Structures are given as structure tokens and as C-alpha cells.
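One structure is given below, encoded as C-alpha cells.
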Amino acid sequence: MVRRCKFTCETVTKRKGWNGYPICYDYEFRTVTGDSEENKAFWAATPGGSLKVTGTQGDWFEVGKDYYLDIIPVNGNE
């Protein structure tokens, strides 16, 4: 079963890299809020949460934009 979450990108932070990458970017997300009917539905299903992702590209996500996160079991463990 697929679980869909909806997050807003709140910050993008550039920092010294690791593992051979000179620069990394930390992206921080929070569950959506707002007055749209879709956001109200997501808030009712997941009223709180955060997510932090680190990558090597600075343009993966944009502050203030909403993104879906689909959580899908691996190896057919549905």
C-alpha cells in the first residue's frame, strides 16, 4: 500500500560536503498547513511531521513549495 504525504520545503542550507563532495545542501520540510481543501485533508491524516534530506545539488527543492512524498514498501511487502 502506498502512503502519500505532503510537505512544504521550509529551508535549504548550503554547507561543507562530505564523502568526496565539496558542497552539500540540507533540505528541511514540514507537513503542509493552509486553507486549501487538499491541505486540510493531508493535515487531518498527518497533523505533524518533519523531514530532512541532504543532497549534492542546490536546485532539487525550492523554499515555500509543496511536495508529495510517496512511501512505498520495498520488495512487495504491501
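Each chain in the C-alpha cells gets a letter, A, B and so on, in the order shown; residues start at 1 in every chain, and ligands are counted from 1 in the order they appear.
Among the residues of segment 4-75 of chain A, backbone DSSP assigns alpha helix (DSSP H) to A:Glu37, A:Glu38, A:Asn39, A:Lys40, A:Ala41, A:Phe42, A:Trp43, A:Ala44, A:Ala45.
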Based on the selection just made, write C-alpha atoms of those residues as a compact mmCIF listing (two decimals), in the first residue's frame.
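Full text of out-v9.txt as output:
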# COMPACT_ATOMS: atom_id res chain seq x y z
CA GLU A 37 -9.19 21.54 0.80
CA GLU A 38 -6.31 19.24 -0.16
CA ASN A 39 -4.05 20.62 2.58
CA LYS A 40 -6.86 20.25 5.14
CA ALA A 41 -7.22 16.60 4.14
CA PHE A 42 -3.48 15.97 4.46
CA TRP A 43 -3.40 17.78 7.80
CA ALA A 44 -6.20 15.53 9.09
CA ALA A 45 -4.23 12.43 8.06
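Omitting Thr31 of chain A and its sequence neighbours fewer than 2 positions away, and counting only C-alpha atoms, the residues within 7 Å are Lys6, Phe7, Thr8, Phe29, Thr33, Gly48, Gly49 and Ser50 of chain A.
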Residues within 6 Å of Tyr27 of chain A, please, as a PyMOL selection string. Count only C-alpha atoms; anything in the same chain fewer than 6 positions from it doesn't count. chain A and resi 11-12+52-53
Could you turn the residues from that selection into a file that holds all heavy atoms, as an mmCIF file, in the first residue's frame?
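Writing done, so here's out-v7.cif:
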data_model
loop_
_atom_site.group_PDB
_atom_site.id
_atom_site.type_symbol
_atom_site.label_atom_id
_atom_site.label_comp_id
_atom_site.auth_asym_id
_atom_site.auth_seq_id
_atom_site.Cartn_x
_atom_site.Cartn_y
_atom_site.Cartn_z
ATOM 1 N N THR A 11 13.415 25.186 4.453
ATOM 2 C CA THR A 11 14.761 25.762 4.364
ATOM 3 C C THR A 11 15.633 24.941 3.421
ATOM 4 O O THR A 11 15.448 23.737 3.269
ATOM 5 C CB THR A 11 15.484 25.819 5.729
ATOM 6 O OG1 THR A 11 15.692 24.494 6.210
ATOM 7 C CG2 THR A 11 14.713 26.629 6.749
ATOM 8 N N VAL A 12 16.580 25.629 2.802
ATOM 9 C CA VAL A 12 17.652 24.997 2.039
ATOM 10 C C VAL A 12 18.940 25.609 2.568
ATOM 11 O O VAL A 12 19.126 26.821 2.527
ATOM 12 C CB VAL A 12 17.525 25.262 0.520
ATOM 13 C CG1 VAL A 12 18.702 24.647 -0.219
ATOM 14 C CG2 VAL A 12 16.200 24.740 -0.018
ATOM 15 N N LYS A 52 14.132 15.731 6.780
ATOM 16 C CA LYS A 52 15.372 16.393 6.388
ATOM 17 C C LYS A 52 16.074 15.498 5.373
ATOM 18 O O LYS A 52 16.259 14.307 5.610
ATOM 19 C CB LYS A 52 16.283 16.633 7.592
ATOM 20 C CG LYS A 52 17.555 17.373 7.240
ATOM 21 C CD LYS A 52 18.372 17.669 8.488
ATOM 22 C CE LYS A 52 19.629 18.428 8.157
ATOM 23 N NZ LYS A 52 20.419 18.705 9.373
ATOM 24 N N VAL A 53 16.436 16.087 4.238
ATOM 25 C CA VAL A 53 17.100 15.377 3.157
ATOM 26 C C VAL A 53 18.375 16.132 2.825
ATOM 27 O O VAL A 53 18.380 17.363 2.762
ATOM 28 C CB VAL A 53 16.192 15.322 1.900
ATOM 29 C CG1 VAL A 53 16.899 14.645 0.755
ATOM 30 C CG2 VAL A 53 14.885 14.623 2.213
#
From the list A:Met1, A:Asp59, A:Thr13, A:Tyr67, which residue is nearest Tyr25 of chain A when using only C-alpha atoms?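 Checking each of A:Met1, A:Asp59, A:Thr13, A:Tyr67 against Tyr25 of chain A, counting only C-alpha atoms, the winner is A:Thr13.
Nearest residue to Pro47 of chain A among A:Gly20, A:Trp60, A:Asp66, A:Gly34 is A:Gly34, counting only C-alpha atoms.
Comparing the minimum interatomic distances between Leu69 of chain A and each of A:Asn19, A:Val32, A:Lys14, A:Asp26, counting only C-alpha atoms, we find that A:Val32 sits nearest.
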*asked:* Give me, as a PyMOL selection string, all polymer residues having an atom no more than 10 Å from Tyr21 of chain A, counting only C-alpha atoms and skipping those fewer than 4 positions away in the same chain.
replied: chain A and resi 16-17+55-56
So that I have them on file, write out the residues from the current selection with N, CA and C atoms, as a PDB file, in the first residue's frame.
ATOM      1  N   LYS A  16      29.459  22.628   4.044  1.00  0.00           N
ATOM      2  CA  LYS A  16      30.617  21.859   3.612  1.00  0.00           C
ATOM      3  C   LYS A  16      30.198  20.406   3.408  1.00  0.00           C
ATOM      4  N   GLY A  17      30.667  19.822   2.329  1.00  0.00           N
ATOM      5  CA  GLY A  17      30.282  18.459   1.993  1.00  0.00           C
ATOM      6  C   GLY A  17      31.059  17.397   2.736  1.00  0.00           C
ATOM      7  N   GLY A  55      21.491  16.507  -0.026  1.00  0.00           N
ATOM      8  CA  GLY A  55      21.863  16.183  -1.397  1.00  0.00           C
ATOM      9  C   GLY A  55      23.048  17.005  -1.853  1.00  0.00           C
ATOM     10  N   THR A  56      23.501  16.702  -3.059  1.00  0.00           N
ATOM     11  CA  THR A  56      24.678  17.383  -3.594  1.00  0.00           C
ATOM     12  C   THR A  56      24.314  18.455  -4.614  1.00  0.00           C
TER      13      THR A  56
END
- Task: Pull the strand (DSSP E) assignments for chain A out of DSSP run on the backbone, and list those residues as JSON, numbers by chain.
- Result: {"A": [3, 4, 5, 6, 7, 8, 9, 10, 11, 12, 13, 14, 15, 16, 23, 24, 25, 26, 27, 28, 29, 30, 31, 50, 51, 52, 53, 54, 55, 66, 67, 68, 69, 70, 71]}
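The coordinates place atom CA of Cys9 of chain A at 9.2 Å from atom CA of Leu51 of chain A.
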note - atom CA of Glu10 of chain A and atom CA of Thr54 of chain A are separated by 13.7 Å
